[in-house]
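Inspection log for the structure reproduced underneath, given as structure tokens.
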Amino acid sequence: MLESLASWHVNYLLHSTVLLIAAWMLERTRLVRRHTAWREALWRTALLGGLCTASWQLAWPHLHARPEPTPMVISAAVLPGPAVIAEPATKAAPRLQVVTAPAQPLESSADWRSVASVLTVLWLPLAVVGLVLLGLRWLLLRVQVARLPAHTDTRLQSLAQQLARRAEVRAPQLLLSRRWQSPLVAPGGSICLPEWVTSRLDEAQREAVLAHEVAHLRRRDPAWRLLTQAIVALAWMQPLNRLAARRLDTLAELACDAWAARSEELGRALAESLYVCASQLTRKRAPRLAAAMGQPRSALVARIQTLLESKPMSDEQAVNSRRLPWRRMLLAALLIGGVAAALAPAFVLDEMDLGWHWSGDTHVVASRSPSGDWRIQSRGGRPEFNEDEDEIVKVSGVVTLTEDAKGVKRAAEYTPAPDGNITFMYSVNGKEQALDEAGRAWLKIMVQRAADAMVPPEQRASRLYAKGGVPNVIAWLAKSSSDYQRRAVIQALLQLPEVGPLNTEQLRALLGSVEKMGGDFDRRESYVALIEHQLLGAEQQQNLLAGVASMGSDFDRRTVLEHLSSTLVSTPEVLKAWESVVARIGSDFDRRTSIESLMKLDNPTPAQVDAAIAASVHIGSDFDHRSALIASVPHLVSDAQINAYAQSAGRISGDFDRRESLVAVIERQSQISKAGAMAVIAALSNMGSSFDTTQVLVSLAGHMPNDAELLNAYRARARGLPDHERGQVEKALDRLS
């Protein structure tokens, strides 16, 4: 037993060293360095490959051992070269077996075996102690997390649920952590947030932090981290494992950053939250078994820089680049292929972000929820369904449907019969039985789930439309329970060449179906498809905007508004609904971008300009507020609009941004009207900076009319300035005399 463990120990050290060094070298190649997923798969392969290959080599002789012939006593003298060994005497004629005599063993081989045995004796108890301590730390962390109070911020809870739906994971429990200063995902799936997340971060930054932590749950990083730490404890004699663990931690953070920063604004918000996190960290580290957003010695600066500046190369750019080191890549591929062939490592890859898992001719779709777990598996090809998609009419392989809900385990299996029919089996809690009413209802639901996942949306939309037109598609949408399939069918329907403009009732029904979707992504894509393929009237746009207002994601709301801008109807009801959506957006970046997309039109209507100015007052950020206002300057055509513009600019708290907003509207006019000039002066009433006030007044003096009442208001505002600035303002009035 000790000799086998010593052999495994030596093999593991050799295999893991080769794989870890190869991973370190390959990570520095240009192609691998650009893809975080490839780097992560490479390090996971290196970390787990040594364990698998050493164990495989240890088990190989036992798995393939053959019975040996009965040995005979031969002379102790071993002669070099072939030797002749006779088999035991039998009644049959004696048979000769020619074998090659073994070479003389090295004199020091026994010493090497002794050294390996001693190392194994030292390694084994320490490995056991390390695993026990790891288990105790895991239990202690679970106890500490269980004692944390629940987070009482309902907005954060709602945001976490929305992000969890987007990531297709169970909604996490939010806990308030006073023990650790970094946000983290603890074993069990709880997200622990320190107090500064609520007190020091704005809404966009809090969304970015939560998205980062939900990304850890989506990737199952707590389980991967526990496995990594178990390998480090078990194979403590391999120091390179700690390097692999650190690299995997860093790559996991980068991958979560990338998933969380799905837009430029969220990337900036996440970078800002990382900076705040870095300022809060002390020497006390977060638990090793938790997926923490930051650690005192983590690469926070590099992550912030990546979020703010770097733009990863797309796969297409990587393929088209002419400067790729093809020779080095080919050499690296041959090297890793040779190592893989020699050591037979197990490549451990993270699961793909797909509803389906494909392996050969096997298709699997599954769901886990508090109400129950279900699984659908098809081996040997996808089945065929009836027109209502609630029965399986043909199978080419084995289709298995299982569900475990409320303590009842149901299973159904379809297998092809030799005569072309289907052999069906149904069981409840492991006991085969005939279908009853409950079983038929359950089977219908499961088959519909299978059809939702297996039937291509283009095929479904075409078949439904051919059978009953748009009403038939709408009827199917009302029955479907999958947001993804409903969205995909709507997109496919609108792209069918035979589908023309839809009537009012059909558009109302489609918009109602979209509004019932739970996922903001699916609703956004459906709304965008309707905007791009149908000319929506005032009623339809008002209904669409009402649905957009109920969405939870600022990014998705803003995206719909951007697409709607070019066809936005200028009726008061529609513009009021549009402004209401902008007001509901929490991110100032998304608010500003929504307004700018409307003002980027060549000729927005005066009513649209009025709505844009009115919506700007909901922006809290001075920079975004100023940018949104300046976007409307080229389209201001009336004193009322300039007055509303100046009133909105007067709400900007920062003197610089307020100055830039007012100067922009002044300089745009060849001569500003008296009413407009009075509105600008009123917007300066509470400006604190003498310099910024002077700049606005000097600019105004060059464009305002010579009116006594206006001059009195102008000089009254300049009266509180220091003498030097007041002299500049008075000198600017020389133009009027």
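Ligands are numbered from 1 in the order shown, residues from 1 within each chain, and chains are lettered A, B, ... in the order they appear in the structure tokens.
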
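The environment of stretch 394-401 of chain A within 6 Å, counting only C-alpha atoms and disregarding residues fewer than 4 places along the same chain, consists of Ile376, Gln377, Ser378, Arg379, Gly380, Gly381, Pro383, Glu384, Ala411, Ala412, Glu413, Tyr414, Thr415 and Pro416 of chain A.
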
Selection file, N, CA and C atoms, as a compact mmCIF listing (two decimals), in the first residue's frame:
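Contents of part11.txt, freshly written:
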```
# COMPACT_ATOMS: atom_id res chain seq x y z
N ILE A 376 -35.04 16.91 -18.88
CA ILE A 376 -35.44 16.29 -20.14
C ILE A 376 -34.17 15.88 -20.88
N GLN A 377 -34.10 14.63 -21.29
CA GLN A 377 -32.91 14.12 -21.97
C GLN A 377 -33.32 13.34 -23.21
N SER A 378 -32.64 13.63 -24.31
CA SER A 378 -32.89 12.93 -25.57
C SER A 378 -31.57 12.36 -26.07
N ARG A 379 -31.52 11.04 -26.21
CA ARG A 379 -30.32 10.36 -26.71
C ARG A 379 -30.64 9.72 -28.07
N GLY A 380 -29.79 10.01 -29.06
CA GLY A 380 -29.98 9.41 -30.37
C GLY A 380 -30.79 10.24 -31.32
N GLY A 381 -30.96 11.54 -31.06
CA GLY A 381 -31.71 12.40 -31.97
C GLY A 381 -32.90 13.04 -31.29
N PRO A 383 -36.75 14.24 -30.76
CA PRO A 383 -38.06 13.66 -31.11
C PRO A 383 -38.87 14.61 -31.97
N GLU A 384 -39.97 14.10 -32.52
CA GLU A 384 -40.91 14.90 -33.29
C GLU A 384 -42.21 15.03 -32.50
N ALA A 411 -41.42 9.90 -13.75
CA ALA A 411 -40.51 9.65 -14.87
C ALA A 411 -41.28 9.01 -16.01
N ALA A 412 -40.92 9.41 -17.23
CA ALA A 412 -41.51 8.81 -18.44
C ALA A 412 -40.38 8.58 -19.43
N GLU A 413 -40.50 7.48 -20.17
CA GLU A 413 -39.44 7.14 -21.13
C GLU A 413 -40.07 6.69 -22.44
N TYR A 414 -39.58 7.27 -23.53
CA TYR A 414 -40.00 6.90 -24.88
C TYR A 414 -38.83 6.20 -25.57
N THR A 415 -39.08 5.02 -26.10
CA THR A 415 -38.05 4.31 -26.86
C THR A 415 -38.65 3.82 -28.18
N PRO A 416 -37.86 3.82 -29.26
CA PRO A 416 -38.40 3.36 -30.54
C PRO A 416 -38.58 1.84 -30.55
```

Query raised in the report: Do you know which residues are at most 9 Å from A:Ser482 counting only C-alpha atoms, after dropping those on the same chain fewer than 2 positions away, and could you put them as a PyMOL selection string?
Result: chain A and resi 449+452-453+480+484-487+517

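You will find atom CA of A:Cys52 at 26.0 Å from atom CA of A:Leu136.
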
Query raised in the report: Which neighbours of stretch 225-233 of chain A fall inside 6 Å, counting only C-alpha atoms, when residues of the same chain fewer than 6 positions from it are skipped, and could you give them as a PyMOL selection string?
Result: chain A and resi 127+130-131+241+289

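On the backbone of this structure, DSSP gives strand (DSSP E or B) within stretch 404-577 of chain A to Asp404, Ala405, Val408, Lys409, Arg410, Ala411, Ala412, Glu413, Tyr414, Thr415, Pro416, Ile422, Thr423, Phe424, Met425, Tyr426, Ser427, Val428, Lys431 and Glu432 of chain A.
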
If you keep C-alpha atoms, can you produce a file of those selected residues as a PDB file, in the first residue's frame?
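Everything below was put into out.pdb:
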```
ATOM      1  CA  ASP A 404     -39.026  15.681  -8.559  1.00  0.00           C
ATOM      2  CA  ALA A 405     -41.562  18.088  -7.064  1.00  0.00           C
ATOM      3  CA  VAL A 408     -43.226  13.007  -5.825  1.00  0.00           C
ATOM      4  CA  LYS A 409     -40.805  11.645  -8.409  1.00  0.00           C
ATOM      5  CA  ARG A 410     -42.297  11.076 -11.842  1.00  0.00           C
ATOM      6  CA  ALA A 411     -40.514   9.647 -14.873  1.00  0.00           C
ATOM      7  CA  ALA A 412     -41.508   8.812 -18.441  1.00  0.00           C
ATOM      8  CA  GLU A 413     -39.442   7.140 -21.128  1.00  0.00           C
ATOM      9  CA  TYR A 414     -40.000   6.900 -24.882  1.00  0.00           C
ATOM     10  CA  THR A 415     -38.048   4.310 -26.860  1.00  0.00           C
ATOM     11  CA  PRO A 416     -38.401   3.356 -30.545  1.00  0.00           C
ATOM     12  CA  ILE A 422     -43.075   4.047 -29.638  1.00  0.00           C
ATOM     13  CA  THR A 423     -42.602   2.045 -26.459  1.00  0.00           C
ATOM     14  CA  PHE A 424     -43.711   4.126 -23.478  1.00  0.00           C
ATOM     15  CA  MET A 425     -43.035   3.629 -19.762  1.00  0.00           C
ATOM     16  CA  TYR A 426     -44.336   5.748 -16.865  1.00  0.00           C
ATOM     17  CA  SER A 427     -43.373   5.491 -13.189  1.00  0.00           C
ATOM     18  CA  VAL A 428     -44.116   7.285  -9.927  1.00  0.00           C
ATOM     19  CA  LYS A 431     -42.799   2.128  -9.473  1.00  0.00           C
ATOM     20  CA  GLU A 432     -44.010   1.561 -13.013  1.00  0.00           C
TER      21      GLU A 432
END
```

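Considering the residues A:Arg726, A:Arg170, A:Arg440, A:His212 and counting only C-alpha atoms, A:Ser369 has its shortest atom-to-atom contact with A:Arg170.
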
Report task. With a distance cut-off of 9 Å and only C-alpha atoms, select the neighbouring residues of A:Ser627, excluding the residue or stretch itself and same-chain residues fewer than 2 positions from it, and output the selection as a VMD selection string. Result -> chain A and resid 592 596 622 to 625 629 to 631 657 661

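Atom CA of A:Ala160 to atom CA of A:Gly518 spans 14.1 Å [interatomic distance, one decimal].
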
Requested in this report: For atom CA of A:Leu736 and atom CA of A:Ser648, quote the distance in Å rounded to one decimal.
Outcome: 28.5 Å

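The list of residues with at least one atom within 9 Å of A:Ala244, based on only C-alpha atoms and without residues fewer than 5 positions apart in the same chain, reads Leu20, Ala23, Trp24, Trp43, Arg44, Ala46, Leu47, Thr228 and Asp249 of chain A.
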
Now that the selection is made, can you save its residues with N, CA and C atoms as a PDB file, in the first residue's frame?
```
ATOM      1  N   LEU A  20       1.460  22.408 -15.031  1.00  0.00           N
ATOM      2  CA  LEU A  20       1.393  23.765 -14.499  1.00  0.00           C
ATOM      3  C   LEU A  20       2.385  24.689 -15.199  1.00  0.00           C
ATOM      4  N   ALA A  23       0.949  25.408 -18.591  1.00  0.00           N
ATOM      5  CA  ALA A  23      -0.127  26.401 -18.502  1.00  0.00           C
ATOM      6  C   ALA A  23       0.440  27.802 -18.332  1.00  0.00           C
ATOM      7  N   TRP A  24       1.474  27.934 -17.510  1.00  0.00           N
ATOM      8  CA  TRP A  24       2.101  29.239 -17.297  1.00  0.00           C
ATOM      9  C   TRP A  24       2.690  29.782 -18.589  1.00  0.00           C
ATOM     10  N   TRP A  43      -5.752  26.668 -16.828  1.00  0.00           N
ATOM     11  CA  TRP A  43      -5.289  26.498 -15.442  1.00  0.00           C
ATOM     12  C   TRP A  43      -6.074  25.410 -14.716  1.00  0.00           C
ATOM     13  N   ARG A  44      -7.358  25.285 -14.998  1.00  0.00           N
ATOM     14  CA  ARG A  44      -8.119  24.195 -14.375  1.00  0.00           C
ATOM     15  C   ARG A  44      -7.626  22.840 -14.863  1.00  0.00           C
ATOM     16  N   ALA A  46      -4.573  22.202 -15.819  1.00  0.00           N
ATOM     17  CA  ALA A  46      -3.282  21.957 -15.179  1.00  0.00           C
ATOM     18  C   ALA A  46      -3.446  21.565 -13.714  1.00  0.00           C
ATOM     19  N   LEU A  47      -4.409  22.190 -13.021  1.00  0.00           N
ATOM     20  CA  LEU A  47      -4.580  21.917 -11.598  1.00  0.00           C
ATOM     21  C   LEU A  47      -5.148  20.532 -11.351  1.00  0.00           C
ATOM     22  N   THR A 228     -10.661  23.958  -5.412  1.00  0.00           N
ATOM     23  CA  THR A 228      -9.275  24.400  -5.567  1.00  0.00           C
ATOM     24  C   THR A 228      -8.533  24.358  -4.241  1.00  0.00           C
ATOM     25  N   ASP A 249      -8.300  32.542  -9.179  1.00  0.00           N
ATOM     26  CA  ASP A 249      -9.055  33.568  -8.470  1.00  0.00           C
ATOM     27  C   ASP A 249      -9.100  34.858  -9.278  1.00  0.00           C
TER      28      ASP A 249
END
```

Requested in this report: Excluding stretch 581-584 of chain A and residues on its chain fewer than 4 positions from it, collect all residues at most 10 Å away from it, counting only C-alpha atoms, and give them as a PyMOL selection string.
Outcome: chain A and resi 545-552+554+557-558+561+575-577+588+590-595+612+614-619

Go ahead and dump the residues you just picked, N, CA and C atoms, as a CSV table (one decimal), in the first residue's frame.
```
chain,number,residue,atom,x,y,z
A,545,LEU,N,-44.5,51.9,-24.2
A,545,LEU,CA,-43.8,52.6,-23.2
A,545,LEU,C,-44.3,52.3,-21.8
A,546,ALA,N,-45.5,52.0,-21.7
A,546,ALA,CA,-46.1,51.5,-20.4
A,546,ALA,C,-45.4,50.2,-20.0
A,547,GLY,N,-45.2,49.3,-20.9
A,547,GLY,CA,-44.5,48.1,-20.6
A,547,GLY,C,-43.0,48.3,-20.3
A,548,VAL,N,-42.4,49.2,-21.0
A,548,VAL,CA,-41.0,49.5,-20.7
A,548,VAL,C,-40.8,50.1,-19.4
A,549,ALA,N,-41.8,50.9,-18.9
A,549,ALA,CA,-41.7,51.5,-17.6
A,549,ALA,C,-41.7,50.5,-16.5
A,550,SER,N,-42.3,49.3,-16.7
A,550,SER,CA,-42.3,48.3,-15.7
A,550,SER,C,-41.1,47.4,-15.7
A,551,MET,N,-40.2,47.6,-16.6
A,551,MET,CA,-39.0,46.8,-16.6
A,551,MET,C,-38.0,47.2,-15.5
A,552,GLY,N,-37.2,46.4,-15.1
A,552,GLY,CA,-36.3,46.7,-14.0
A,552,GLY,C,-34.9,47.1,-14.4
A,554,ASP,N,-32.1,49.3,-16.2
A,554,ASP,CA,-31.9,50.6,-16.9
A,554,ASP,C,-31.3,50.4,-18.3
A,557,ARG,N,-34.2,49.3,-20.6
A,557,ARG,CA,-35.1,50.5,-20.9
A,557,ARG,C,-34.5,51.4,-21.9
A,558,ARG,N,-33.2,51.8,-21.6
A,558,ARG,CA,-32.5,52.8,-22.5
A,558,ARG,C,-32.4,52.2,-23.9
A,561,LEU,N,-35.7,52.7,-25.7
A,561,LEU,CA,-35.9,54.1,-26.0
A,561,LEU,C,-35.0,54.5,-27.2
A,575,LEU,N,-45.5,61.4,-25.5
A,575,LEU,CA,-44.3,62.0,-24.9
A,575,LEU,C,-44.3,62.0,-23.4
A,576,LYS,N,-45.5,62.1,-22.8
A,576,LYS,CA,-45.6,62.0,-21.3
A,576,LYS,C,-45.2,60.6,-20.9
A,577,ALA,N,-45.6,59.6,-21.6
A,577,ALA,CA,-45.2,58.2,-21.3
A,577,ALA,C,-43.7,58.0,-21.5
A,588,ASP,N,-28.0,57.7,-14.3
A,588,ASP,CA,-28.0,59.0,-15.0
A,588,ASP,C,-27.4,58.8,-16.4
A,590,ASP,N,-27.8,56.3,-18.4
A,590,ASP,CA,-28.9,55.8,-19.3
A,590,ASP,C,-29.9,56.8,-19.5
A,591,ARG,N,-30.2,57.7,-18.5
A,591,ARG,CA,-31.2,58.8,-18.7
A,591,ARG,C,-30.6,59.7,-19.8
A,592,ARG,N,-29.4,60.1,-19.6
A,592,ARG,CA,-28.8,61.1,-20.6
A,592,ARG,C,-28.7,60.5,-22.0
A,593,THR,N,-28.3,59.2,-22.1
A,593,THR,CA,-28.2,58.6,-23.4
A,593,THR,C,-29.6,58.5,-24.1
A,594,SER,N,-30.7,58.3,-23.3
A,594,SER,CA,-32.0,58.2,-23.8
A,594,SER,C,-32.4,59.5,-24.4
A,595,ILE,N,-32.1,60.6,-23.7
A,595,ILE,CA,-32.5,62.0,-24.2
A,595,ILE,C,-31.6,62.3,-25.4
A,612,ALA,N,-37.7,66.4,-24.0
A,612,ALA,CA,-36.3,66.2,-23.7
A,612,ALA,C,-35.8,67.1,-22.6
A,614,ALA,N,-37.7,68.7,-20.4
A,614,ALA,CA,-38.4,68.3,-19.2
A,614,ALA,C,-37.9,67.1,-18.5
A,615,ALA,N,-37.4,66.1,-19.3
A,615,ALA,CA,-36.8,64.9,-18.8
A,615,ALA,C,-35.5,65.1,-18.2
A,616,SER,N,-34.8,66.2,-18.6
A,616,SER,CA,-33.4,66.4,-18.1
A,616,SER,C,-33.4,66.7,-16.6
A,617,VAL,N,-34.5,67.2,-16.1
A,617,VAL,CA,-34.5,67.6,-14.6
A,617,VAL,C,-34.4,66.4,-13.7
A,618,HIS,N,-34.7,65.2,-14.3
A,618,HIS,CA,-34.6,64.0,-13.5
A,618,HIS,C,-33.2,63.5,-13.3
A,619,ILE,N,-32.2,64.1,-14.0
A,619,ILE,CA,-30.8,63.6,-14.0
A,619,ILE,C,-30.1,64.2,-12.8
```

**Report entry** Pick from A:Glu667, A:Asp692, A:Arg626, A:Tyr714 nearest to A:Ala679, counting only C-alpha atoms
**Finding:** A:Tyr714

Requested in this report: May I have all residues of stretch 117-239 of chain A that DSSP, computed from the backbone, assigns to alpha helix (DSSP H), given as an MDAnalysis selection string?
Outcome: chainID A and resid 117:146 154:167 196:200 203:218 221:234

Mind running stretch 212-263 of chain A against stretch 36-40 of chain A at 7 Å and telling me each contacting residue's nearest atom pair with the distance in Å (one decimal), counting only C-alpha atoms, chain and number ascending, as a Markdown table?
```
| residue | atom | partner | partner_atom | distance |
| --- | --- | --- | --- | --- |
| A:Leu248 | CA | A:Glu40 | CA | 6.2 |
| A:Leu251 | CA | A:Glu40 | CA | 6.3 |
| A:Ala255 | CA | A:Thr36 | CA | 6.6 |
```

Can you list every residue of stretch 562-677 of chain A that has an atom at most 9 Å from stretch 698-712 of chain A, with its nearest atom pair and the distance in Å to one decimal, using only C-alpha atoms, ordered by chain then number, as a tab-separated table?
```
residue	atom	partner	partner_atom	distance
A:Val663	CA	A:Ser699	CA	6.6
A:Ile666	CA	A:Leu700	CA	6.3
A:Glu667	CA	A:Ser699	CA	7.3
A:Gln669	CA	A:His703	CA	7.3
A:Ser670	CA	A:His703	CA	6.4
A:Gln671	CA	A:His703	CA	4.6
A:Ile672	CA	A:Met704	CA	5.3
A:Ser673	CA	A:Met704	CA	6.5
A:Lys674	CA	A:Pro705	CA	6.5
A:Ala675	CA	A:Leu710	CA	8.9
A:Gly676	CA	A:Met704	CA	8.8
A:Ala677	CA	A:Met704	CA	6.4
```

Residues just named, written with C-alpha atoms as a PDB file, in the first residue's frame:
```
ATOM      1  CA  VAL A 663     -22.970  79.553 -22.357  1.00  0.00           C
ATOM      2  CA  ILE A 666     -26.205  81.863 -25.415  1.00  0.00           C
ATOM      3  CA  GLU A 667     -23.525  81.280 -28.045  1.00  0.00           C
ATOM      4  CA  GLN A 669     -28.142  82.447 -30.685  1.00  0.00           C
ATOM      5  CA  SER A 670     -27.011  85.320 -32.897  1.00  0.00           C
ATOM      6  CA  GLN A 671     -29.067  87.521 -30.585  1.00  0.00           C
ATOM      7  CA  ILE A 672     -30.894  86.097 -27.629  1.00  0.00           C
ATOM      8  CA  SER A 673     -34.309  87.554 -26.893  1.00  0.00           C
ATOM      9  CA  LYS A 674     -35.079  89.604 -23.826  1.00  0.00           C
ATOM     10  CA  ALA A 675     -37.125  86.761 -22.318  1.00  0.00           C
ATOM     11  CA  GLY A 676     -34.324  84.302 -22.952  1.00  0.00           C
ATOM     12  CA  ALA A 677     -31.726  86.622 -21.437  1.00  0.00           C
TER      13      ALA A 677
END
```

Requested in this report: Fewer than 5 positions away in the same chain doesn't count, so skip those; otherwise give me all residues within 12 Å of A:Ala235, counting only C-alpha atoms, as a VMD selection string.
Outcome: chain A and resid 8 to 10 12 to 13 16 to 17 47 to 48 50 to 51 120 122 to 131 228 to 230 240 to 242

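With distances restricted to only C-alpha atoms, A:Val514 is the closest residue to A:Ile474 from A:Ala186, A:Val514, A:Leu496, A:Ala167.
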
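Considering only C-alpha atoms, the residue among A:Arg166, A:Arg30, A:Lys516, A:Lys731 positioned nearest to A:Ala718 is A:Lys731.
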